[in-house]
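Visitor: Have a peek at target06.txt (compact mmCIF, C-alpha atoms).
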# COMPACT_ATOMS: atom_id res chain seq x y z
CA MET A 1 0.98 -3.82 -13.67
CA ASN A 2 -2.49 -4.49 -12.32
CA LYS A 3 -3.78 -4.51 -8.74
CA ALA A 4 -2.86 -8.19 -8.19
CA ASP A 5 0.71 -7.54 -9.39
CA LEU A 6 0.97 -4.55 -7.06
CA VAL A 7 -0.28 -6.63 -4.12
CA SER A 8 2.24 -9.39 -4.90
CA ARG A 9 5.15 -6.96 -5.17
CA VAL A 10 4.30 -5.12 -1.93
CA ALA A 11 3.75 -8.42 -0.08
CA ALA A 12 7.15 -9.69 -1.23
CA GLY A 13 8.85 -6.46 -0.16
CA THR A 14 7.22 -6.11 3.24
CA GLY A 15 6.80 -9.64 4.54
CA LEU A 16 3.05 -9.11 4.97
CA THR A 17 0.60 -11.62 3.56
CA GLN A 18 -1.11 -10.94 0.25
CA VAL A 19 -4.47 -10.81 2.06
CA GLU A 20 -3.20 -8.08 4.39
CA VAL A 21 -1.64 -6.09 1.56
CA ALA A 22 -4.79 -6.47 -0.58
CA ALA A 23 -6.86 -4.99 2.25
CA VAL A 24 -4.46 -2.04 2.57
CA VAL A 25 -4.36 -1.39 -1.19
CA GLU A 26 -8.15 -1.59 -1.39
CA GLY A 27 -8.41 0.84 1.54
CA VAL A 28 -6.02 3.32 -0.08
CA LEU A 29 -7.87 3.21 -3.40
CA GLU A 30 -11.24 3.57 -1.67
CA GLY A 31 -9.94 6.54 0.34
CA ILE A 32 -8.68 8.29 -2.80
CA SER A 33 -11.93 7.59 -4.65
CA THR A 34 -14.10 8.84 -1.78
CA GLU A 35 -12.10 12.06 -1.47
CA LEU A 36 -12.40 12.74 -5.21
CA VAL A 37 -16.14 12.03 -5.20
CA ASN A 38 -16.52 14.51 -2.34
CA GLY A 39 -14.75 17.20 -4.40
CA GLY A 40 -11.40 17.07 -2.63
CA HIS A 41 -7.92 16.24 -3.81
CA VAL A 42 -5.26 13.80 -2.59
CA GLU A 43 -1.59 14.73 -2.51
CA ILE A 44 1.00 12.01 -1.98
CA ARG A 45 4.32 13.80 -1.54
CA GLY A 46 7.02 12.50 -3.84
CA PHE A 47 4.44 10.74 -6.03
CA GLY A 48 1.75 13.12 -7.24
CA THR A 49 -1.68 14.68 -6.82
CA PHE A 50 -5.10 13.30 -7.69
CA LYS A 51 -7.87 15.84 -8.24
CA VAL A 52 -11.09 16.42 -10.17
CA GLU A 53 -11.38 18.93 -13.01
CA GLN A 54 -14.47 20.26 -14.78
CA ARG A 55 -14.52 19.51 -18.52
CA ALA A 56 -16.44 22.09 -20.53
CA GLU A 57 -19.29 21.25 -22.87
CA ARG A 58 -18.01 20.84 -26.44
CA ASP A 59 -18.92 19.84 -29.97
CA ALA A 60 -17.57 16.59 -31.43
CA ILE A 61 -17.94 14.72 -34.69
CA ASN A 62 -18.96 11.07 -35.01
CA PRO A 63 -16.18 9.66 -37.25
CA GLN A 64 -18.45 7.01 -38.79
CA THR A 65 -21.32 9.29 -39.81
CA GLY A 66 -19.72 12.73 -39.79
CA GLN A 67 -22.65 13.94 -37.65
CA ARG A 68 -21.97 16.71 -35.12
CA ILE A 69 -22.88 15.86 -31.54
CA ARG A 70 -22.86 17.88 -28.33
CA VAL A 71 -20.75 16.39 -25.53
CA PRO A 72 -22.07 17.63 -22.17
CA ALA A 73 -19.89 19.10 -19.43
CA LYS A 74 -18.54 16.54 -16.99
CA LEU A 75 -16.11 15.97 -14.13
CA ALA A 76 -12.91 14.03 -14.84
CA PRO A 77 -10.25 12.64 -12.50
CA VAL A 78 -6.74 13.98 -13.14
CA PHE A 79 -3.33 12.82 -11.91
CA ARG A 80 -0.39 15.22 -11.84
CA PRO A 81 2.97 13.58 -11.11
CA SER A 82 5.37 15.23 -8.65
CA GLU A 83 8.68 16.70 -9.74
CA LYS A 84 10.43 13.88 -7.88
CA LEU A 85 8.54 11.22 -9.88
CA LYS A 86 9.20 13.06 -13.15
CA ALA A 87 12.92 13.19 -12.30
CA ARG A 88 13.00 9.43 -11.63
CA LEU A 89 11.30 8.74 -14.97
CA ASN A 90 13.72 10.95 -16.92
CA LYS A 91 17.05 9.78 -15.49
Kindly present the structure from the file in structure tokens form.
Guide:
Amino acid sequence: MNKADLVSRVAAGTGLTQVEVAAVVEGVLEGISTELVNGGHVEIRGFGTFKVEQRAERDAINPQTGQRIRVPAKLAPVFRPSEKLKARLNK
């Protein structure tokens, strides 16, 4: 499912127009992104938590050349599903 599919499904289920739903979806995604960029986390009860984790610097190997390279430390977004979502997936 992509963003357009999500907008279509929510619009069909709510009776709102696709333009209205697209604005809401875009606002939600922008809000989550902004909070993560600012170092926070977003918890949506019953769905999961979005947060940012620090990835340590590490060594890697280029599979084509076999050359060792140093991968610098970086921040990475992480999603942790809630127990309720996990239970729905594993019925």
Visitor: Pick the closest to Glu43 (chain A) from A:Val78, A:Ala60, A:Leu16, A:Ala11: which is it, counting only C-alpha atoms?
Guide: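 Looking only at the distances to Glu43 (chain A), the closest residue turns out to be A:Val78.
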Visitor: Could you please determine the separation between CA of Glu83 (chain A) and CA of Ala23 (chain A) in Å, to one decimal place?
Guide: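 Between CA of Glu83 (chain A) and CA of Ala23 (chain A) the gap is 29.3 Å.
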Visitor: Choose the residue, out of A:Gly48, A:Thr65, A:Pro77, A:Lys84, that has the smallest atom-to-atom separation from Glu35 (chain A); count all atoms listed in the file.
Guide: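 Comparing A:Gly48, A:Thr65, A:Pro77, A:Lys84 against Glu35 (chain A), the winner is A:Pro77.
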Visitor: Compile the contact shell of Ser33 (chain A) as a PyMOL selection string: residues with an atom at most 12 Å away, counting all atoms listed in the file, same-chain residues fewer than 5 positions apart removed.
Guide: chain A and resi 26-28+38-42+50-52+77-78
Visitor: Select, from A:Lys86, A:Val25, A:Gly31, A:Thr49, the residue with the minimum atom-to-atom distance to Asn2 (chain A), counting all atoms listed in the file.
Guide: A:Val25
Visitor: So how many Å separate CA of Pro81 (chain A) and CA of Arg9 (chain A), to one decimal?
Guide: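 According to the coordinates, CA of Pro81 (chain A) and CA of Arg9 (chain A) are separated by 21.5 Å.
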Visitor: For CA of Leu29 (chain A) and CA of Phe47 (chain A), determine how far apart the two atoms are, in Å to one decimal place.
Guide: 14.7 Å
Visitor: Hey, which of A:Ile44, A:Met1, A:Val37, A:Leu89 ends up closest to Ala76 (chain A)? Count only C-alpha atoms.
Guide: A:Val37
Visitor: With a distance cut-off of 9 Å and only C-alpha atoms, select the neighbouring residues of Val7 (chain A), excluding the residue or stretch itself and same-chain residues fewer than 3 positions from it, and output the selection as JSON, numbers by chain.
Guide: {"A": [2, 3, 4, 10, 11, 12, 18, 19, 21, 22, 25]}
Visitor: Taking all atoms listed in the file into account, which of A:Glu53, A:Gly66, A:Thr14, A:Arg58 comes nearest Arg80 (chain A)?
Guide: A:Glu53
